[in-house]
>>> print(open('structure19.cif').read())   # mmCIF, C-alpha atoms and all ligand atoms
data_upload
#
loop_
_atom_site.label_atom_id
_atom_site.label_comp_id
_atom_site.auth_asym_id
_atom_site.auth_seq_id
_atom_site.Cartn_x
_atom_site.Cartn_y
_atom_site.Cartn_z
CA MET A 1 99.70 35.23 133.08
CA ALA A 2 97.35 35.02 136.05
CA LYS A 3 100.13 33.07 137.76
CA ARG A 4 102.74 35.79 137.23
CA ARG A 5 100.81 38.62 138.90
CA ASP A 6 98.18 38.61 141.58
CA ASN A 7 94.63 39.72 140.99
CA THR A 8 94.91 43.05 142.81
CA TRP A 9 97.82 44.03 140.57
CA LEU A 10 95.97 42.93 137.44
CA VAL A 11 92.90 44.98 138.38
CA LYS A 12 95.06 48.07 138.97
CA TRP A 13 96.84 47.47 135.65
CA LEU A 14 93.65 47.20 133.63
CA LYS A 15 92.28 50.36 135.30
CA ASP A 16 95.28 52.46 134.44
CA PRO A 17 98.05 50.83 132.37
CA ILE A 18 99.56 54.19 131.46
CA GLY A 19 99.84 55.41 135.07
CA MET A 20 101.13 52.02 136.25
CA GLY A 21 103.80 52.16 133.56
CA GLN A 22 105.10 55.30 135.20
CA THR A 23 104.75 54.52 138.91
CA ASP A 24 104.62 50.77 139.53
CA PRO A 25 107.94 48.83 139.46
CA ALA A 26 106.51 45.88 137.50
CA GLY A 27 104.62 48.32 135.25
CA LYS A 28 107.82 50.25 134.53
CA GLU A 29 109.58 47.01 133.69
CA LEU A 30 106.83 46.03 131.25
CA LEU A 31 106.88 49.43 129.57
CA ALA A 32 110.66 49.24 129.07
CA LYS A 33 110.41 45.66 127.80
CA PHE A 34 107.96 46.73 125.12
CA LYS A 35 110.07 49.61 123.87
CA ASN A 36 108.19 52.27 125.86
CA VAL A 37 105.01 51.81 123.86
CA PRO A 38 102.33 52.01 126.55
CA MET A 39 99.27 49.78 126.53
CA PRO A 40 96.28 52.04 125.91
CA ASN A 41 93.70 52.33 128.68
CA PRO A 42 91.00 49.75 127.84
CA ASN A 43 88.34 51.85 129.65
CA LEU A 44 86.66 48.92 131.38
CA ASP A 45 84.44 49.20 134.45
CA ASP A 46 84.99 46.98 137.51
CA ALA A 47 82.56 44.30 136.34
CA LYS A 48 84.18 44.04 132.92
CA ILE A 49 87.66 43.89 134.44
CA ALA A 50 86.55 41.04 136.70
CA ALA A 51 85.02 39.21 133.73
CA VAL A 52 88.15 39.60 131.58
CA LEU A 53 90.43 38.38 134.39
CA ALA A 54 88.17 35.39 135.06
CA TYR A 55 88.29 34.54 131.38
CA ILE A 56 92.10 34.80 131.24
CA ALA A 57 92.47 32.64 134.36
CA GLN A 58 90.17 30.02 132.84
CA GLU A 59 92.02 29.98 129.50
CA SER A 60 95.45 29.91 131.19
CA ALA A 61 94.44 26.81 133.11
CA LYS A 62 93.83 24.90 129.89
CA ALA A 63 96.47 22.80 128.20
CA PRO A 64 98.40 24.69 125.51
CA VAL A 65 96.65 24.68 122.15
CA ALA A 66 98.09 22.24 119.66
CA VAL A 67 99.75 23.97 116.73
CA ALA A 68 97.20 23.99 113.94
CA GLU A 69 98.35 22.67 110.59
CA VAL A 70 97.71 25.11 107.78
CA LYS A 71 96.53 23.96 104.41
CA PRO A 72 99.58 24.54 102.19
CA LEU A 73 99.23 26.89 99.23
CA GLU A 74 99.39 25.39 95.78
CA GLY A 75 99.82 26.46 92.17
CA GLU A 76 99.21 30.09 91.37
CA HIS A 77 98.49 30.97 95.03
CA PHE A 78 101.90 29.65 96.01
CA GLU A 79 103.61 31.48 93.12
CA LYS A 80 101.84 34.72 94.03
CA ALA A 81 102.86 34.46 97.70
CA LYS A 82 106.41 33.59 96.70
CA GLY A 83 106.55 36.71 94.52
CA ILE A 84 105.18 38.96 97.24
CA TYR A 85 107.65 37.50 99.74
CA PHE A 86 110.57 38.09 97.43
CA ASN A 87 109.55 41.68 96.65
CA ARG A 88 108.28 42.83 100.02
CA CYS A 89 109.72 40.68 102.76
CA ALA A 90 112.99 39.02 101.79
CA GLY A 91 114.93 42.28 102.06
CA CYS A 92 114.37 42.33 105.83
CA HIS A 93 113.71 38.69 106.73
CA GLY A 94 116.09 37.00 104.27
CA THR A 95 115.34 34.80 101.26
CA LEU A 96 115.26 31.69 103.45
CA ARG A 97 113.51 33.61 106.25
CA ALA A 98 116.42 33.03 108.57
CA GLY A 99 116.36 36.71 109.54
CA ALA A 100 118.32 39.83 108.66
CA THR A 101 117.18 43.28 109.87
CA GLY A 102 113.91 41.53 110.73
CA PRO A 103 113.79 38.41 112.91
CA ALA A 104 113.76 34.82 111.62
CA ILE A 105 110.28 33.83 110.46
CA THR A 106 110.81 30.15 109.73
CA PRO A 107 107.85 27.75 110.23
CA ASP A 108 108.97 26.69 113.74
CA ARG A 109 108.32 30.29 114.80
CA THR A 110 105.42 31.28 112.54
CA LYS A 111 103.35 28.17 113.29
CA LYS A 112 103.48 29.09 116.96
CA ILE A 113 102.29 32.61 116.18
CA GLY A 114 99.38 31.16 114.20
CA THR A 115 97.38 32.41 111.23
CA THR A 116 95.23 34.96 113.06
CA ALA A 117 98.11 36.68 114.86
CA LEU A 118 100.19 36.63 111.67
CA GLN A 119 97.37 38.41 109.84
CA THR A 120 97.26 41.03 112.60
CA ILE A 121 101.03 41.57 112.44
CA LEU A 122 100.90 41.88 108.66
CA THR A 123 97.95 44.26 108.76
CA ASN A 124 99.01 46.57 111.56
CA GLY A 125 102.78 46.18 111.73
CA THR A 126 104.58 46.26 115.07
CA PRO A 127 106.38 48.96 117.04
CA GLY A 128 109.73 47.20 116.45
CA GLY A 129 109.85 48.02 112.75
CA MET A 130 107.54 45.62 110.93
CA PRO A 131 105.65 47.73 108.36
CA ALA A 132 101.83 47.89 108.46
CA TRP A 133 101.29 46.34 105.04
CA GLY A 134 97.52 46.16 105.34
CA ARG A 135 96.83 49.47 107.01
CA GLU A 136 99.10 51.26 104.56
CA GLY A 137 97.19 49.73 101.68
CA VAL A 138 100.16 47.87 100.20
CA LEU A 139 98.68 44.40 100.60
CA THR A 140 94.97 43.55 100.33
CA ALA A 141 93.20 41.45 102.96
CA ASP A 142 93.37 38.44 100.62
CA GLU A 143 97.09 38.91 100.08
CA ILE A 144 97.60 39.12 103.84
CA THR A 145 95.76 35.82 104.34
CA LEU A 146 97.93 34.36 101.61
CA MET A 147 101.14 35.59 103.25
CA ALA A 148 100.05 34.45 106.73
CA THR A 149 99.79 30.93 105.28
CA TYR A 150 102.89 31.18 103.13
CA VAL A 151 105.23 32.09 106.00
CA GLN A 152 104.09 28.98 107.88
CA MET A 153 105.25 26.79 105.00
CA THR A 154 108.84 25.66 104.46
CA PRO A 155 110.63 28.33 102.39
CA PRO A 156 111.29 27.18 98.82
CA ASP A 157 114.88 27.04 97.61
CA PRO A 158 115.91 30.40 96.21
CA PRO A 159 116.48 30.45 92.44
CA GLN A 160 120.07 29.60 91.60
CA LEU A 161 122.12 31.96 89.49
CA PRO A 162 125.28 30.17 88.39
CA LEU A 163 128.44 32.16 87.79
CA GLU A 164 128.26 31.63 84.01
CA LYS A 165 124.79 33.21 83.99
CA ILE A 166 125.98 36.12 86.09
CA LYS A 167 128.86 36.65 83.66
CA GLU A 168 126.44 36.83 80.72
CA SER A 169 124.94 40.05 82.04
CA TRP A 170 128.24 41.43 83.29
CA LYS A 171 129.24 44.72 81.71
CA LEU A 172 132.79 45.90 82.08
CA SER A 173 132.60 49.67 82.26
CA VAL A 174 136.23 50.51 82.96
CA ALA A 175 138.96 47.96 82.33
CA PRO A 176 141.27 47.39 85.33
CA ASP A 177 144.28 49.02 83.62
CA LYS A 178 142.16 52.12 82.80
CA ARG A 179 141.10 52.66 86.40
CA PRO A 180 142.45 55.72 88.22
CA LYS A 181 145.42 55.05 90.45
CA LYS A 182 144.86 58.07 92.67
CA PRO A 183 141.77 59.99 93.85
CA GLU A 184 140.25 62.14 91.09
CA THR A 185 138.86 64.69 93.48
CA LYS A 186 140.27 66.88 96.20
CA LYS A 187 137.27 66.03 98.40
CA ASN A 188 137.82 63.71 101.31
CA TRP A 189 137.14 60.43 99.51
CA GLN A 190 137.42 58.48 102.73
CA ASN A 191 134.29 60.21 103.91
CA PHE A 192 131.72 59.85 101.13
CA PHE A 193 128.20 58.62 101.60
CA GLY A 194 125.71 57.55 99.01
CA VAL A 195 122.03 56.68 99.01
CA ILE A 196 121.26 53.67 96.86
CA LEU A 197 117.77 53.04 95.51
CA ARG A 198 118.22 49.32 95.58
CA ASP A 199 115.13 48.32 93.62
CA ALA A 200 115.64 50.98 90.97
CA GLY A 201 119.34 50.14 90.72
CA LYS A 202 120.32 53.78 91.03
CA VAL A 203 122.46 55.90 93.23
CA ALA A 204 120.16 58.69 94.28
CA ARG A 205 122.71 61.00 95.71
CA SER A 206 126.27 60.92 96.78
CA SER A 207 128.29 63.62 98.37
CA THR A 208 130.98 64.24 100.90
CA ALA A 209 130.03 64.88 104.44
CA THR A 210 132.69 67.39 105.32
CA SER A 211 133.83 67.48 108.88
CA ARG A 212 132.61 71.09 108.93
CA SER A 213 128.93 70.35 108.22
CA CYS A 214 128.97 67.50 110.69
CA SER A 215 130.83 69.17 113.49
CA PRO A 216 129.06 68.66 116.78
CA ARG A 217 129.82 72.29 117.58
CA SER A 218 128.13 73.87 114.59
CA THR A 219 125.28 71.46 113.81
CA PRO A 220 122.85 69.53 115.95
CA ALA A 221 123.89 65.87 115.96
CA SER A 222 120.48 64.93 114.56
CA ARG A 223 121.32 66.59 111.24
CA CYS A 224 124.40 64.50 110.85
CA THR A 225 123.50 60.92 109.99
CA SER A 226 125.60 58.22 111.54
CA SER A 227 126.76 56.97 108.16
CA ALA A 228 128.00 60.42 107.27
CA ARG A 229 130.02 60.85 110.41
CA PRO A 230 133.74 60.42 109.89
CA ARG A 231 134.77 56.96 110.93
CA ARG A 232 136.94 56.54 113.89
CA GLY A 233 140.17 54.77 113.13
CA GLY A 234 140.04 56.01 109.54
CA THR A 235 139.09 52.88 107.57
CA SER A 236 139.26 53.48 103.86
CA SER A 237 135.92 51.92 102.89
CA PRO A 238 133.29 54.54 102.14
CA SER A 239 130.18 54.37 104.27
CA VAL A 240 127.06 53.58 102.33
CA ALA A 241 123.52 54.17 103.42
CA THR A 242 120.94 52.17 101.57
CA ALA A 243 117.35 53.26 101.18
CA ARG A 244 114.65 51.00 99.98
CA SER A 245 112.02 52.25 97.62
CA ARG A 246 108.71 50.67 98.32
C1 LIG B 1 111.56 47.06 106.71
C2 LIG B 1 111.88 45.73 107.12
C3 LIG B 1 110.77 44.68 107.08
C4 LIG B 1 110.03 44.26 106.01
C5 LIG B 1 110.13 44.76 104.58
C6 LIG B 1 109.18 43.22 106.50
N1 LIG B 1 109.38 43.02 107.84
FE1 LIG B 1 108.47 41.64 109.01
N2 LIG B 1 109.42 42.41 110.64
C7 LIG B 1 110.40 43.37 110.60
C8 LIG B 1 110.89 43.62 111.95
C9 LIG B 1 111.98 44.59 112.36
C10 LIG B 1 110.14 42.76 112.80
C11 LIG B 1 110.23 42.66 114.33
C12 LIG B 1 109.26 43.65 114.86
C13 LIG B 1 109.16 43.72 116.37
O1 LIG B 1 109.91 43.06 117.07
O2 LIG B 1 108.27 44.49 116.80
C14 LIG B 1 109.25 42.00 111.93
C15 LIG B 1 108.37 41.03 112.38
C16 LIG B 1 107.67 40.18 111.55
C17 LIG B 1 106.89 39.06 112.01
C18 LIG B 1 106.70 38.65 113.46
C19 LIG B 1 107.87 37.81 113.88
C20 LIG B 1 107.85 37.41 115.33
O3 LIG B 1 108.64 36.52 115.68
O4 LIG B 1 107.09 37.99 116.12
C21 LIG B 1 106.36 38.45 110.90
C22 LIG B 1 105.50 37.21 110.85
C23 LIG B 1 106.81 39.21 109.76
N3 LIG B 1 107.60 40.25 110.20
C24 LIG B 1 106.47 38.91 108.45
C25 LIG B 1 106.78 39.73 107.36
C26 LIG B 1 106.27 39.53 106.02
C27 LIG B 1 105.40 38.35 105.58
C28 LIG B 1 106.72 40.57 105.27
C29 LIG B 1 106.43 40.87 103.82
C30 LIG B 1 105.04 41.08 103.48
C31 LIG B 1 107.57 41.39 106.13
N4 LIG B 1 107.56 40.86 107.38
C32 LIG B 1 108.27 42.51 105.71
C33 LIG B 1 110.87 44.02 109.49
C34 LIG B 1 110.35 43.91 108.23
#
>>> encode(input="structure19.cif", output="structure tokens", more="lines below")
Ligand code: HEC
Amino acid sequence: MAKRRDNTWLVKWLKDPIGMGQTDPAGKELLAKFKNVPMPNPNLDDAKIAAVLAYIAQESAKAPVAVAEVKPLEGEHFEKAKGIYFNRCAGCHGTLRAGATGPAITPDRTKKIGTTALQTILTNGTPGGMPAWGREGVLTADEITLMATYVQMTPPDPPQLPLEKIKESWKLSVAPDKRPKKPETKKNWQNFFGVILRDAGKVARSSTATSRSCSPRSTPASRCTSSARPRRGGTSSPSVATARSR
């Protein structure tokens, strides 16, 4: 870092990161890069700023730290972490951690982040959408340590559910020949939206977003969710918004 910016700039930055984010070209760039979340003013006096910069320069000069091997979880610890991952993380990061709404968190990436930083991410969340599991009281400190280790291990194979097994729990509600051939409502069925409580397996609410209630002329755009807006090009698949219950 000390190589990217000169000392005068770094001193100015540490004195007033918020102001620099508004006036300085490099500061503006940084602010935009980090989704306009400003770095808080660290409130350091000149001597402390000099000490911090000297420390950073000294650390930057060192060879990169070797990736520390974590002691893999075993037995009930592993099973517990696997359960937490499945219930709390897989929905966003994918069962094999290859990424979905959240980024990939496979060991190649997580080992570089390291246990301490992983614990911080899991405790405090991040501005880009990672929930603050610790701060919100969903995971305890011990569970966070567990998860910080778990995500550095190779993901286990997801449980297989063969087609025969799936068919065992399959319930046919309406036989194909009993299904309606034309819409059973006069509402605009090409423009329905529903909210699905995935974990509860329920549809919380479904209704038609009429073009009237969503008209940009009569309602502020903010009251009209994107999934409820009529689709351009008129595809026939209904838009579905999913909500996750925590
Ligand atoms: C609601 C979706 C969501 C859930 C649930 C979620 N995450 Fe995330 N996670 C994200 C997003 C989005 C990011 C990227 C955040 C950013 O860029 O600021 C992220 C980032 C991360 C990162 C940092 C990745 C990196 O490359 O910097 C880790 C590690 C992580 N999540 C682990 C977990 C674990 C473990 C759980 C379960 C306890 C979990 N996440 C649950 C959405 C989620």
>>> residues_near_ligand(input="structure19.cif", ligand="ligand LIG 1 (chain B)", cutoff="6 Å", atoms="only C-alpha atoms and all ligand atoms", output="MDAnalysis selection string")
chainID A and resid 85 88:89 91:92 101:103 105 118 126:130 147
>>> residues_around(input="structure19.cif", residues="A:Ala81", least_positions_apart="6", cutoff="8 Å", atoms="all atoms listed in the file", output="PyMOL selection string")
chain A and resi 143+146-147+150
>>> write_last_selection(input="structure19.cif", atoms="C-alpha atoms", output="compact mmCIF listing (two decimals), in the frame of the given file")
# COMPACT_ATOMS: atom_id res chain seq x y z
CA GLU A 143 97.09 38.91 100.08
CA LEU A 146 97.93 34.36 101.61
CA MET A 147 101.14 35.59 103.25
CA TYR A 150 102.89 31.18 103.13
>>> atom_distance(input="structure19.cif", atom1="atom CA of A:Lys80", atom2="atom CA of A:Thr110")
19.2 Å
>>> closest_residue(input="structure19.cif", among="A:Lys112, A:Ile84, A:Ala104, A:Gln152", to="A:Leu139", atoms="all atoms listed in the file")
A:Ile84
>>> residues_around(input="structure19.cif", residues="A:Pro131", least_positions_apart="5", cutoff="10 Å", atoms="only C-alpha atoms", output="list in words")
Cys89, Ile121, Leu122, Thr123, Asn124, Gly125, Thr126, Glu136 and Val138 of chain A
>>> write_last_selection(input="structure19.cif", atoms="C-alpha atoms", output="mmCIF file, keeping the file's coordinate frame")
data_model
loop_
_atom_site.group_PDB
_atom_site.id
_atom_site.type_symbol
_atom_site.label_atom_id
_atom_site.label_comp_id
_atom_site.auth_asym_id
_atom_site.auth_seq_id
_atom_site.Cartn_x
_atom_site.Cartn_y
_atom_site.Cartn_z
ATOM 1 C CA CYS A 89 109.720 40.680 102.760
ATOM 2 C CA ILE A 121 101.030 41.570 112.440
ATOM 3 C CA LEU A 122 100.900 41.880 108.660
ATOM 4 C CA THR A 123 97.950 44.260 108.760
ATOM 5 C CA ASN A 124 99.010 46.570 111.560
ATOM 6 C CA GLY A 125 102.780 46.180 111.730
ATOM 7 C CA THR A 126 104.580 46.260 115.070
ATOM 8 C CA GLU A 136 99.100 51.260 104.560
ATOM 9 C CA VAL A 138 100.160 47.870 100.200
#
>>> residues_around(input="structure19.cif", residues="A:Gly27", least_positions_apart="5", cutoff="10 Å", atoms="only C-alpha atoms", output="list in words")
Trp9, Trp13, Pro17, Ile18, Gly19, Met20, Gly21, Gln22, Ala32, Lys33 and Pro38 of chain A
